[in-house]
Protein chains: 2
Amino acid sequence: MAERISDAEHSVMEVLWNDAPLTANVIASRLTSTQSWSLATVKTLLSRLVAKKALTTQTEGRKFLYHPALQRSDYVTDESKRLVDRLFGGKLTPLFTHMAEQETLSAEDIAEIEALLKALKP
Amino acid sequence: MAERISDAEHSVMEVLWNDAPLTANVIASRLTSTQSWSLATVKTLLSRLVAKKALTTQTEGRKFLYHPALQRSDYVTDESKRLVDRLFGGKLTPLFTHMAEQETLSAEDIAEIEALLKALKP
DNA sequence: GCCATTCGACTACATTTGTAGTCTAAAGGC
DNA sequence: GCCTTTAGACTACAAATGTAGTCGAATGGC
């Protein structure tokens, strides 16, 4: 189930998570702001994503309307979990410790997270 | 610089971050507890890591002693940053929010992180 | 001193990924 | 009713990755 989505494919998914359904052409235009891919490349990525069941298509006249079949939130959860498992033995605190040590955490980050934690507690 | 390290290669790095320097054979044995790779496979991964300058070698008699040239901490920082950039627009709070929503955060996690944050503040 | 062992180097090969071109059929303009 | 445009399908191909076999040289046991 859920074959791995590559980096390039992920960019395509982002477009559709942002706004769907869309046609291949529209997707390609939206991507050209970030990537310099030819239409053909985008079409290949779309096909692969359909093959991987990350997208579904719906026919509109002669075209396809692409629609995400995978929730962004689920994808994000999976990818985050992968990283945490791989690098921090599945534990979250080491991730934070690391980021804190690395000063990847700014003062605002800390404040925001603290507020968030406060809100989480009943 | 710093070419990307693949998943398989990363497993090899973990062994050496844990204990180094080691010979190919020892590395392979340590890996067989987790992976089912042949010695040949491990050797290939080692060569690739040396080519990528993630490992250095030191000759000991006829053998090589492999030694990490890349700090685990740096690798972890890079990978974490990659994920945060890719999925959370480079911001950490959304990562946190996401994990909180996903209930990837247990009560203990929350407590630990709170303590950590407290310690971080002067 | 010879031979079996063992090392790293080199070679191999399928799969995935990044990137894109070509083909065939339909559709829309006029 | 044609012809140009255009859509998705199919093909292409290099690089990276996962996985492993083979080879020549050095070495250590005896």
# chains A, B, ... in the order shown; residues from 1 in each chain; ligands from 1

call {"tool": "calpha_fit_and_write", "arguments": {"fixed": "chain B", "moving": "chain A", "output": "short mmCIF file (atom, residue, chain, number, x, y, z; two decimals) with N, CA and C atoms, in the first residue's frame"}}
result
data_model
loop_
_atom_site.label_atom_id
_atom_site.label_comp_id
_atom_site.auth_asym_id
_atom_site.auth_seq_id
_atom_site.Cartn_x
_atom_site.Cartn_y
_atom_site.Cartn_z
N MET A 1 28.89 19.90 -2.68
CA MET A 1 29.31 19.37 -1.36
C MET A 1 28.27 18.43 -0.76
N ALA A 2 28.69 17.66 0.16
CA ALA A 2 27.76 16.78 0.90
C ALA A 2 26.68 16.17 0.03
N GLU A 3 27.07 15.16 -0.72
CA GLU A 3 26.06 14.47 -1.51
C GLU A 3 25.08 13.78 -0.60
N ARG A 4 23.93 13.61 -1.11
CA ARG A 4 22.86 12.99 -0.36
C ARG A 4 23.19 11.54 0.00
N ILE A 5 22.88 11.18 1.22
CA ILE A 5 23.12 9.82 1.71
C ILE A 5 21.81 9.05 1.67
N SER A 6 21.84 7.89 1.05
CA SER A 6 20.60 7.12 0.89
C SER A 6 20.24 6.41 2.19
N ASP A 7 19.06 5.84 2.21
CA ASP A 7 18.59 5.15 3.41
C ASP A 7 19.52 4.02 3.82
N ALA A 8 19.87 3.20 2.83
CA ALA A 8 20.74 2.05 3.14
C ALA A 8 22.08 2.56 3.66
N GLU A 9 22.60 3.57 3.01
CA GLU A 9 23.87 4.14 3.45
C GLU A 9 23.76 4.69 4.86
N HIS A 10 22.64 5.28 5.14
CA HIS A 10 22.44 5.83 6.48
C HIS A 10 22.57 4.76 7.56
N SER A 11 22.04 3.58 7.29
CA SER A 11 22.15 2.51 8.28
C SER A 11 23.61 2.21 8.59
N VAL A 12 24.41 2.25 7.54
CA VAL A 12 25.84 2.00 7.73
C VAL A 12 26.45 3.11 8.59
N MET A 13 26.08 4.33 8.28
CA MET A 13 26.59 5.46 9.05
C MET A 13 26.25 5.30 10.53
N GLU A 14 25.04 4.87 10.81
CA GLU A 14 24.64 4.73 12.21
C GLU A 14 25.59 3.83 12.98
N VAL A 15 25.96 2.73 12.33
CA VAL A 15 26.90 1.81 13.00
C VAL A 15 28.18 2.54 13.36
N LEU A 16 28.66 3.33 12.44
CA LEU A 16 29.94 3.99 12.68
C LEU A 16 29.82 5.20 13.61
N TRP A 17 28.65 5.77 13.64
CA TRP A 17 28.47 6.88 14.58
C TRP A 17 28.45 6.33 16.00
N ASN A 18 28.07 5.08 16.05
CA ASN A 18 27.95 4.44 17.35
C ASN A 18 29.29 3.99 17.89
N ASP A 19 30.18 3.65 16.99
CA ASP A 19 31.45 3.08 17.38
C ASP A 19 32.36 3.11 16.16
N ALA A 20 33.46 3.80 16.26
CA ALA A 20 34.38 3.90 15.13
C ALA A 20 35.79 4.09 15.65
N PRO A 21 36.78 3.79 14.84
CA PRO A 21 36.70 3.16 13.52
C PRO A 21 36.48 1.66 13.59
N LEU A 22 35.93 1.14 12.51
CA LEU A 22 35.67 -0.29 12.43
C LEU A 22 36.03 -0.80 11.05
N THR A 23 36.26 -2.09 10.95
CA THR A 23 36.55 -2.70 9.65
C THR A 23 35.24 -3.10 8.98
N ALA A 24 35.31 -3.30 7.68
CA ALA A 24 34.13 -3.68 6.90
C ALA A 24 33.43 -4.90 7.51
N ASN A 25 34.21 -5.87 7.91
CA ASN A 25 33.64 -7.08 8.48
C ASN A 25 32.83 -6.82 9.74
N VAL A 26 33.42 -6.06 10.62
CA VAL A 26 32.73 -5.77 11.87
C VAL A 26 31.45 -4.99 11.58
N ILE A 27 31.56 -4.03 10.70
CA ILE A 27 30.38 -3.24 10.34
C ILE A 27 29.28 -4.17 9.82
N ALA A 28 29.68 -5.07 8.93
CA ALA A 28 28.70 -6.00 8.36
C ALA A 28 28.05 -6.83 9.46
N SER A 29 28.82 -7.33 10.41
CA SER A 29 28.21 -8.15 11.47
C SER A 29 27.23 -7.32 12.28
N ARG A 30 27.63 -6.12 12.61
CA ARG A 30 26.73 -5.30 13.41
C ARG A 30 25.43 -5.04 12.64
N LEU A 31 25.52 -4.97 11.34
CA LEU A 31 24.33 -4.67 10.55
C LEU A 31 23.41 -5.87 10.40
N THR A 32 23.98 -7.05 10.43
CA THR A 32 23.13 -8.22 10.19
C THR A 32 22.07 -8.39 11.26
N SER A 33 22.25 -7.72 12.38
CA SER A 33 21.19 -7.80 13.39
C SER A 33 19.93 -7.10 12.89
N THR A 34 20.13 -6.05 12.12
CA THR A 34 18.98 -5.29 11.62
C THR A 34 18.65 -5.61 10.17
N GLN A 35 19.68 -5.69 9.33
CA GLN A 35 19.44 -5.90 7.90
C GLN A 35 19.90 -7.31 7.53
N SER A 36 19.47 -7.75 6.37
CA SER A 36 19.96 -9.04 5.91
C SER A 36 20.75 -8.81 4.64
N TRP A 37 21.84 -8.13 4.80
CA TRP A 37 22.68 -7.81 3.66
C TRP A 37 23.88 -8.73 3.62
N SER A 38 24.33 -9.01 2.42
CA SER A 38 25.55 -9.79 2.29
C SER A 38 26.72 -8.86 2.55
N LEU A 39 27.86 -9.46 2.82
CA LEU A 39 29.07 -8.68 3.04
C LEU A 39 29.32 -7.78 1.84
N ALA A 40 29.10 -8.35 0.65
CA ALA A 40 29.34 -7.58 -0.58
C ALA A 40 28.52 -6.30 -0.59
N THR A 41 27.28 -6.42 -0.17
CA THR A 41 26.41 -5.24 -0.16
C THR A 41 26.97 -4.17 0.78
N VAL A 42 27.36 -4.60 1.94
CA VAL A 42 27.90 -3.64 2.90
C VAL A 42 29.15 -2.98 2.33
N LYS A 43 29.98 -3.77 1.68
CA LYS A 43 31.20 -3.21 1.09
C LYS A 43 30.86 -2.16 0.04
N THR A 44 29.85 -2.44 -0.77
CA THR A 44 29.44 -1.46 -1.77
C THR A 44 29.01 -0.17 -1.09
N LEU A 45 28.20 -0.31 -0.08
CA LEU A 45 27.72 0.89 0.61
C LEU A 45 28.88 1.67 1.21
N LEU A 46 29.84 0.94 1.76
CA LEU A 46 31.00 1.61 2.33
C LEU A 46 31.76 2.38 1.26
N SER A 47 31.96 1.77 0.11
CA SER A 47 32.67 2.46 -0.97
C SER A 47 31.93 3.72 -1.39
N ARG A 48 30.63 3.58 -1.51
CA ARG A 48 29.85 4.74 -1.93
C ARG A 48 29.95 5.85 -0.89
N LEU A 49 29.95 5.48 0.34
CA LEU A 49 30.04 6.50 1.39
C LEU A 49 31.41 7.17 1.37
N VAL A 50 32.44 6.40 1.07
CA VAL A 50 33.77 6.99 0.96
C VAL A 50 33.78 7.95 -0.24
N ALA A 51 33.18 7.50 -1.35
CA ALA A 51 33.11 8.35 -2.54
C ALA A 51 32.36 9.64 -2.24
N LYS A 52 31.35 9.53 -1.42
CA LYS A 52 30.56 10.72 -1.07
C LYS A 52 31.21 11.53 0.04
N LYS A 53 32.37 11.09 0.45
CA LYS A 53 33.14 11.77 1.50
C LYS A 53 32.41 11.81 2.84
N ALA A 54 31.59 10.82 3.08
CA ALA A 54 30.90 10.76 4.37
C ALA A 54 31.72 9.90 5.32
N LEU A 55 32.65 9.14 4.74
CA LEU A 55 33.54 8.31 5.54
C LEU A 55 34.97 8.52 5.06
N THR A 56 35.88 8.34 5.96
CA THR A 56 37.29 8.31 5.56
C THR A 56 37.83 6.95 5.95
N THR A 57 38.93 6.58 5.30
CA THR A 57 39.53 5.29 5.62
C THR A 57 40.94 5.52 6.11
N GLN A 58 41.36 4.55 6.86
CA GLN A 58 42.71 4.60 7.41
C GLN A 58 43.17 3.16 7.25
N THR A 59 44.35 2.98 6.71
CA THR A 59 44.81 1.61 6.45
C THR A 59 45.37 0.98 7.72
N GLU A 60 44.91 -0.22 7.94
CA GLU A 60 45.47 -0.96 9.07
C GLU A 60 45.85 -2.31 8.50
N GLY A 61 47.16 -2.46 8.20
CA GLY A 61 47.61 -3.68 7.53
C GLY A 61 46.96 -3.71 6.17
N ARG A 62 46.28 -4.78 5.89
CA ARG A 62 45.67 -4.93 4.57
C ARG A 62 44.24 -4.39 4.55
N LYS A 63 43.74 -4.06 5.72
CA LYS A 63 42.34 -3.65 5.81
C LYS A 63 42.18 -2.14 5.91
N PHE A 64 40.95 -1.75 5.82
CA PHE A 64 40.60 -0.36 6.04
C PHE A 64 39.89 -0.25 7.38
N LEU A 65 40.16 0.84 8.02
CA LEU A 65 39.35 1.19 9.18
C LEU A 65 38.50 2.36 8.71
N TYR A 66 37.21 2.23 8.82
CA TYR A 66 36.31 3.28 8.37
C TYR A 66 35.99 4.20 9.52
N HIS A 67 35.91 5.45 9.19
CA HIS A 67 35.70 6.48 10.19
C HIS A 67 34.74 7.53 9.64
N PRO A 68 33.76 7.94 10.40
CA PRO A 68 32.82 8.94 9.89
C PRO A 68 33.52 10.27 9.63
N ALA A 69 33.22 10.86 8.51
CA ALA A 69 33.78 12.18 8.19
C ALA A 69 32.66 13.20 8.35
N LEU A 70 31.49 12.67 8.52
CA LEU A 70 30.30 13.51 8.67
C LEU A 70 29.78 13.29 10.08
N GLN A 71 29.55 14.37 10.78
CA GLN A 71 29.02 14.33 12.14
C GLN A 71 27.57 13.88 12.11
N ARG A 72 27.21 12.99 12.97
CA ARG A 72 25.81 12.58 13.02
C ARG A 72 24.92 13.79 13.27
N SER A 73 25.36 14.61 14.16
CA SER A 73 24.57 15.79 14.49
C SER A 73 24.32 16.68 13.27
N ASP A 74 25.33 16.80 12.42
CA ASP A 74 25.15 17.62 11.22
C ASP A 74 24.18 16.96 10.26
N TYR A 75 24.33 15.65 10.15
CA TYR A 75 23.42 14.93 9.27
C TYR A 75 21.98 15.09 9.75
N VAL A 76 21.79 14.90 11.03
CA VAL A 76 20.46 15.00 11.61
C VAL A 76 19.89 16.41 11.40
N THR A 77 20.72 17.40 11.60
CA THR A 77 20.26 18.77 11.38
C THR A 77 19.82 18.96 9.94
N ASP A 78 20.64 18.51 9.02
CA ASP A 78 20.31 18.66 7.61
C ASP A 78 19.00 17.96 7.25
N GLU A 79 18.89 16.73 7.69
CA GLU A 79 17.69 15.97 7.34
C GLU A 79 16.44 16.60 7.97
N SER A 80 16.57 17.04 9.19
CA SER A 80 15.42 17.66 9.85
C SER A 80 15.03 18.93 9.11
N LYS A 81 16.04 19.68 8.76
CA LYS A 81 15.79 20.93 8.06
C LYS A 81 15.09 20.66 6.72
N ARG A 82 15.58 19.67 6.03
CA ARG A 82 14.97 19.28 4.76
C ARG A 82 13.48 19.02 4.92
N LEU A 83 13.16 18.23 5.94
CA LEU A 83 11.75 17.90 6.16
C LEU A 83 10.94 19.13 6.52
N VAL A 84 11.46 19.91 7.45
CA VAL A 84 10.73 21.09 7.88
C VAL A 84 10.55 22.07 6.72
N ASP A 85 11.58 22.22 5.91
CA ASP A 85 11.45 23.11 4.75
C ASP A 85 10.41 22.59 3.79
N ARG A 86 10.50 21.31 3.51
CA ARG A 86 9.65 20.71 2.50
C ARG A 86 8.18 20.68 2.92
N LEU A 87 7.95 20.35 4.18
CA LEU A 87 6.57 20.13 4.60
C LEU A 87 5.96 21.24 5.43
N PHE A 88 6.79 22.04 6.05
CA PHE A 88 6.23 23.05 6.93
C PHE A 88 6.74 24.45 6.62
N GLY A 89 7.14 24.64 5.39
CA GLY A 89 7.60 25.96 4.99
C GLY A 89 8.73 26.50 5.83
N GLY A 90 9.53 25.58 6.37
CA GLY A 90 10.70 26.00 7.14
C GLY A 90 10.39 26.43 8.56
N LYS A 91 9.12 26.44 8.91
CA LYS A 91 8.75 26.85 10.26
C LYS A 91 8.58 25.64 11.17
N LEU A 92 9.01 25.78 12.40
CA LEU A 92 8.91 24.65 13.31
C LEU A 92 7.56 24.50 13.99
N THR A 93 6.95 25.63 14.28
CA THR A 93 5.68 25.52 15.00
C THR A 93 4.66 24.67 14.27
N PRO A 94 4.54 24.82 12.95
CA PRO A 94 3.57 23.96 12.26
C PRO A 94 3.86 22.48 12.47
N LEU A 95 5.13 22.15 12.57
CA LEU A 95 5.48 20.74 12.82
C LEU A 95 4.84 20.30 14.13
N PHE A 96 5.00 21.12 15.14
CA PHE A 96 4.45 20.76 16.44
C PHE A 96 2.94 20.76 16.44
N THR A 97 2.38 21.76 15.80
CA THR A 97 0.93 21.79 15.69
C THR A 97 0.45 20.50 15.05
N HIS A 98 1.11 20.16 13.98
CA HIS A 98 0.71 18.94 13.28
C HIS A 98 0.79 17.73 14.19
N MET A 99 1.93 17.60 14.86
CA MET A 99 2.09 16.42 15.69
C MET A 99 1.09 16.41 16.83
N ALA A 100 0.81 17.58 17.33
CA ALA A 100 -0.18 17.66 18.40
C ALA A 100 -1.54 17.21 17.89
N GLU A 101 -1.93 17.72 16.74
CA GLU A 101 -3.22 17.34 16.16
C GLU A 101 -3.28 15.84 15.88
N GLN A 102 -2.15 15.35 15.42
CA GLN A 102 -2.10 13.94 15.04
C GLN A 102 -2.01 13.03 16.24
N GLU A 103 -1.90 13.66 17.40
CA GLU A 103 -1.73 12.89 18.63
C GLU A 103 -0.48 12.03 18.58
N THR A 104 0.47 12.54 17.84
CA THR A 104 1.76 11.85 17.86
C THR A 104 2.45 12.22 19.17
N LEU A 105 1.93 13.25 19.79
CA LEU A 105 2.50 13.73 21.05
C LEU A 105 1.74 13.10 22.22
N SER A 106 2.45 12.35 23.00
CA SER A 106 1.81 11.77 24.18
C SER A 106 1.86 12.76 25.33
N ALA A 107 1.16 12.45 26.37
CA ALA A 107 1.17 13.32 27.55
C ALA A 107 2.60 13.47 28.08
N GLU A 108 3.33 12.36 28.08
CA GLU A 108 4.72 12.44 28.56
C GLU A 108 5.56 13.32 27.65
N ASP A 109 5.34 13.17 26.36
CA ASP A 109 6.09 14.02 25.42
C ASP A 109 5.87 15.47 25.79
N ILE A 110 4.61 15.80 25.99
CA ILE A 110 4.29 17.18 26.30
C ILE A 110 5.00 17.62 27.57
N ALA A 111 4.94 16.79 28.58
CA ALA A 111 5.59 17.14 29.85
C ALA A 111 7.08 17.34 29.65
N GLU A 112 7.69 16.39 28.94
CA GLU A 112 9.14 16.47 28.73
C GLU A 112 9.52 17.73 27.98
N ILE A 113 8.74 18.01 26.95
CA ILE A 113 9.06 19.18 26.14
C ILE A 113 8.87 20.46 26.94
N GLU A 114 7.86 20.44 27.75
CA GLU A 114 7.63 21.62 28.59
C GLU A 114 8.82 21.85 29.52
N ALA A 115 9.29 20.77 30.11
CA ALA A 115 10.44 20.87 31.01
C ALA A 115 11.64 21.42 30.25
N LEU A 116 11.80 20.88 29.06
CA LEU A 116 12.91 21.31 28.23
C LEU A 116 12.84 22.80 27.91
N LEU A 117 11.63 23.23 27.61
CA LEU A 117 11.45 24.65 27.28
C LEU A 117 11.77 25.52 28.48
N LYS A 118 11.33 25.06 29.62
CA LYS A 118 11.58 25.80 30.83
C LYS A 118 13.09 25.96 31.00
N ALA A 119 13.80 24.87 30.76
CA ALA A 119 15.25 24.89 30.94
C ALA A 119 15.93 25.82 29.94
N LEU A 120 15.31 25.96 28.79
CA LEU A 120 15.91 26.80 27.74
C LEU A 120 15.83 28.28 28.06
N LYS A 121 14.82 28.60 28.84
CA LYS A 121 14.65 30.02 29.14
C LYS A 121 15.56 30.45 30.28
N PRO A 122 16.23 31.53 30.13
CA PRO A 122 17.19 31.99 31.13
C PRO A 122 16.48 32.41 32.42
#

call {"tool": "residues_around", "arguments": {"residues": "DA14 of chain D", "least_positions_apart": "6", "cutoff": "12 Å", "atoms": "only C-alpha atoms (C1' of nucleotides)", "output": "count of residues only"}}
result
4

call {"tool": "closest_atom_pairs", "arguments": {"of": "chain C", "to": "chain B", "cutoff": "12 Å", "atoms": "only C-alpha atoms (C1' of nucleotides)", "output": "tab-separated table"}}
result
residue	atom	partner	partner_atom	distance
C:DT6	C1'	B:Arg62	CA	9.6
C:DC7	C1'	B:Lys63	CA	6.3
C:DG8	C1'	B:Lys63	CA	7.9
C:DA9	C1'	B:Ser47	CA	9.4
C:DC10	C1'	B:Thr44	CA	10.5
C:DT11	C1'	B:Thr44	CA	11.5

call {"tool": "write_last_selection", "arguments": {"atoms": "C-alpha atoms (C1' of nucleotides)", "output": "tab-separated table (two decimals), in the first residue's frame"}}
result
chain	number	residue	atom	x	y	z
C	6	DT	C1'	40.37	-12.56	2.77
C	7	DC	C1'	40.65	-7.69	1.44
C	8	DG	C1'	39.11	-3.92	-1.34
C	9	DA	C1'	38.22	-2.87	-6.37
C	10	DC	C1'	35.57	-3.56	-10.05
C	11	DT	C1'	31.56	-5.15	-12.48

call {"tool": "interface_residues", "arguments": {"of": "chain D", "to": "chain B", "cutoff": "9 Å", "atoms": "only C-alpha atoms (C1' of nucleotides)", "output": "ChimeraX atom specification"}}
result
/D:17-21,26-27

call {"tool": "select_by_dssp", "arguments": {"residues": "chain B", "states": "strand (DSSP E or B)", "output": "PyMOL selection string"}}
result
chain B and resi 22+55-60+63-68

call {"tool": "write_last_selection", "arguments": {"atoms": "N, CA and C atoms", "output": "tab-separated table (two decimals), in the first residue's frame"}}
result
chain	number	residue	atom	x	y	z
B	22	LEU	N	35.87	1.09	12.54
B	22	LEU	CA	35.61	-0.35	12.44
B	22	LEU	C	35.99	-0.83	11.05
B	55	LEU	N	32.66	9.16	4.82
B	55	LEU	CA	33.55	8.31	5.61
B	55	LEU	C	34.97	8.54	5.14
B	56	THR	N	35.90	8.32	6.06
B	56	THR	CA	37.30	8.31	5.66
B	56	THR	C	37.84	6.95	6.05
B	57	THR	N	38.94	6.57	5.41
B	57	THR	CA	39.53	5.29	5.73
B	57	THR	C	40.94	5.51	6.22
B	58	GLN	N	41.35	4.54	6.95
B	58	GLN	CA	42.68	4.58	7.52
B	58	GLN	C	43.15	3.14	7.36
B	59	THR	N	44.34	2.97	6.83
B	59	THR	CA	44.78	1.61	6.57
B	59	THR	C	45.32	0.99	7.84
B	60	GLU	N	44.89	-0.22	8.04
B	60	GLU	CA	45.42	-0.95	9.19
B	60	GLU	C	45.82	-2.29	8.64
B	63	LYS	N	43.77	-4.02	5.82
B	63	LYS	CA	42.36	-3.64	5.89
B	63	LYS	C	42.19	-2.14	6.00
B	64	PHE	N	40.94	-1.75	5.90
B	64	PHE	CA	40.59	-0.36	6.12
B	64	PHE	C	39.88	-0.26	7.45
B	65	LEU	N	40.14	0.82	8.10
B	65	LEU	CA	39.32	1.16	9.25
B	65	LEU	C	38.48	2.34	8.78
B	66	TYR	N	37.19	2.18	8.89
B	66	TYR	CA	36.31	3.26	8.43
B	66	TYR	C	35.97	4.17	9.59
B	67	HIS	N	35.90	5.43	9.27
B	67	HIS	CA	35.67	6.45	10.28
B	67	HIS	C	34.73	7.51	9.73
B	68	PRO	N	33.74	7.92	10.48
B	68	PRO	CA	32.81	8.93	9.97
B	68	PRO	C	33.52	10.25	9.71

call {"tool": "select_by_dssp", "arguments": {"residues": "chain B", "states": "helix (DSSP H, G or I)", "output": "ChimeraX atom specification"}}
result
/B:7-18,24-32,39-51,72-88,92-101,107-120

call {"tool": "write_last_selection", "arguments": {"atoms": "C-alpha atoms", "output": "compact mmCIF listing (two decimals), in the first residue's frame"}}
result
# COMPACT_ATOMS: atom_id res chain seq x y z
CA ASP B 7 18.59 5.20 3.33
CA ALA B 8 20.77 2.10 3.06
CA GLU B 9 23.90 4.17 3.41
CA HIS B 10 22.44 5.85 6.44
CA SER B 11 22.13 2.51 8.22
CA VAL B 12 25.83 2.00 7.70
CA MET B 13 26.59 5.44 9.04
CA GLU B 14 24.61 4.69 12.19
CA VAL B 15 26.85 1.77 12.97
CA LEU B 16 29.90 3.95 12.69
CA TRP B 17 28.42 6.83 14.62
CA ASN B 18 27.89 4.36 17.34
CA ALA B 24 34.11 -3.69 6.89
CA ASN B 25 33.60 -7.08 8.43
CA VAL B 26 32.66 -5.80 11.83
CA ILE B 27 30.33 -3.26 10.29
CA ALA B 28 28.67 -6.00 8.29
CA SER B 29 28.17 -8.17 11.36
CA ARG B 30 26.65 -5.34 13.32
CA LEU B 31 24.28 -4.67 10.46
CA THR B 32 23.07 -8.21 10.07
CA LEU B 39 29.06 -8.65 2.97
CA ALA B 40 29.35 -7.53 -0.65
CA THR B 41 26.43 -5.18 -0.24
CA VAL B 42 27.89 -3.60 2.85
CA LYS B 43 31.21 -3.16 1.07
CA THR B 44 29.49 -1.40 -1.80
CA LEU B 45 27.74 0.94 0.58
CA LEU B 46 31.02 1.65 2.33
CA SER B 47 32.72 2.53 -0.96
CA ARG B 48 29.91 4.82 -1.91
CA LEU B 49 30.08 6.55 1.42
CA VAL B 50 33.81 7.05 1.03
CA ALA B 51 33.19 8.43 -2.47
CA ARG B 72 25.79 12.55 13.06
CA SER B 73 24.53 15.74 14.53
CA ASP B 74 25.12 17.59 11.27
CA TYR B 75 23.40 14.90 9.31
CA VAL B 76 20.44 14.96 11.63
CA THR B 77 20.22 18.73 11.41
CA ASP B 78 20.27 18.64 7.63
CA GLU B 79 17.66 15.95 7.36
CA SER B 80 15.40 17.60 9.88
CA LYS B 81 15.74 20.89 8.09
CA ARG B 82 14.92 19.25 4.79
CA LEU B 83 11.72 17.85 6.21
CA VAL B 84 10.68 21.03 7.92
CA ASP B 85 11.38 23.04 4.78
CA ARG B 86 9.59 20.65 2.53
CA LEU B 87 6.52 20.04 4.64
CA PHE B 88 6.17 22.96 6.98
CA LEU B 92 8.86 24.59 13.32
CA THR B 93 5.60 25.47 14.99
CA PRO B 94 3.51 23.88 12.24
CA LEU B 95 5.46 20.66 12.75
CA PHE B 96 4.57 20.83 16.35
CA THR B 97 0.95 21.70 15.73
CA HIS B 98 0.71 18.84 13.31
CA MET B 99 2.12 16.36 15.75
CA ALA B 100 -0.14 17.62 18.47
CA GLU B 101 -3.20 17.24 16.24
CA ALA B 107 1.22 13.38 27.69
CA GLU B 108 4.75 12.49 28.69
CA ASP B 109 6.11 14.01 25.51
CA ILE B 110 4.34 17.20 26.34
CA ALA B 111 5.67 17.24 29.86
CA GLU B 112 9.21 16.53 28.72
CA ILE B 113 9.13 19.18 26.08
CA GLU B 114 7.74 21.69 28.51
CA ALA B 115 10.58 20.99 30.88
CA LEU B 116 13.00 21.31 28.03
CA LEU B 117 11.62 24.64 27.00
CA LYS B 118 11.72 25.90 30.53
CA ALA B 119 15.37 24.98 30.72
CA LEU B 120 16.03 26.82 27.50

call {"tool": "residues_around", "arguments": {"residues": "DC3 of chain D", "least_positions_apart": "5", "cutoff": "12 Å", "atoms": "only C-alpha atoms (C1' of nucleotides)", "output": "PyMOL selection string"}}
result
chain C and resi 27-30

call {"tool": "atom_distance", "arguments": {"atom1": "atom C1' of DG24 of chain D", "atom2": "atom C1' of DA4 of chain C"}}
result
14.7 Å
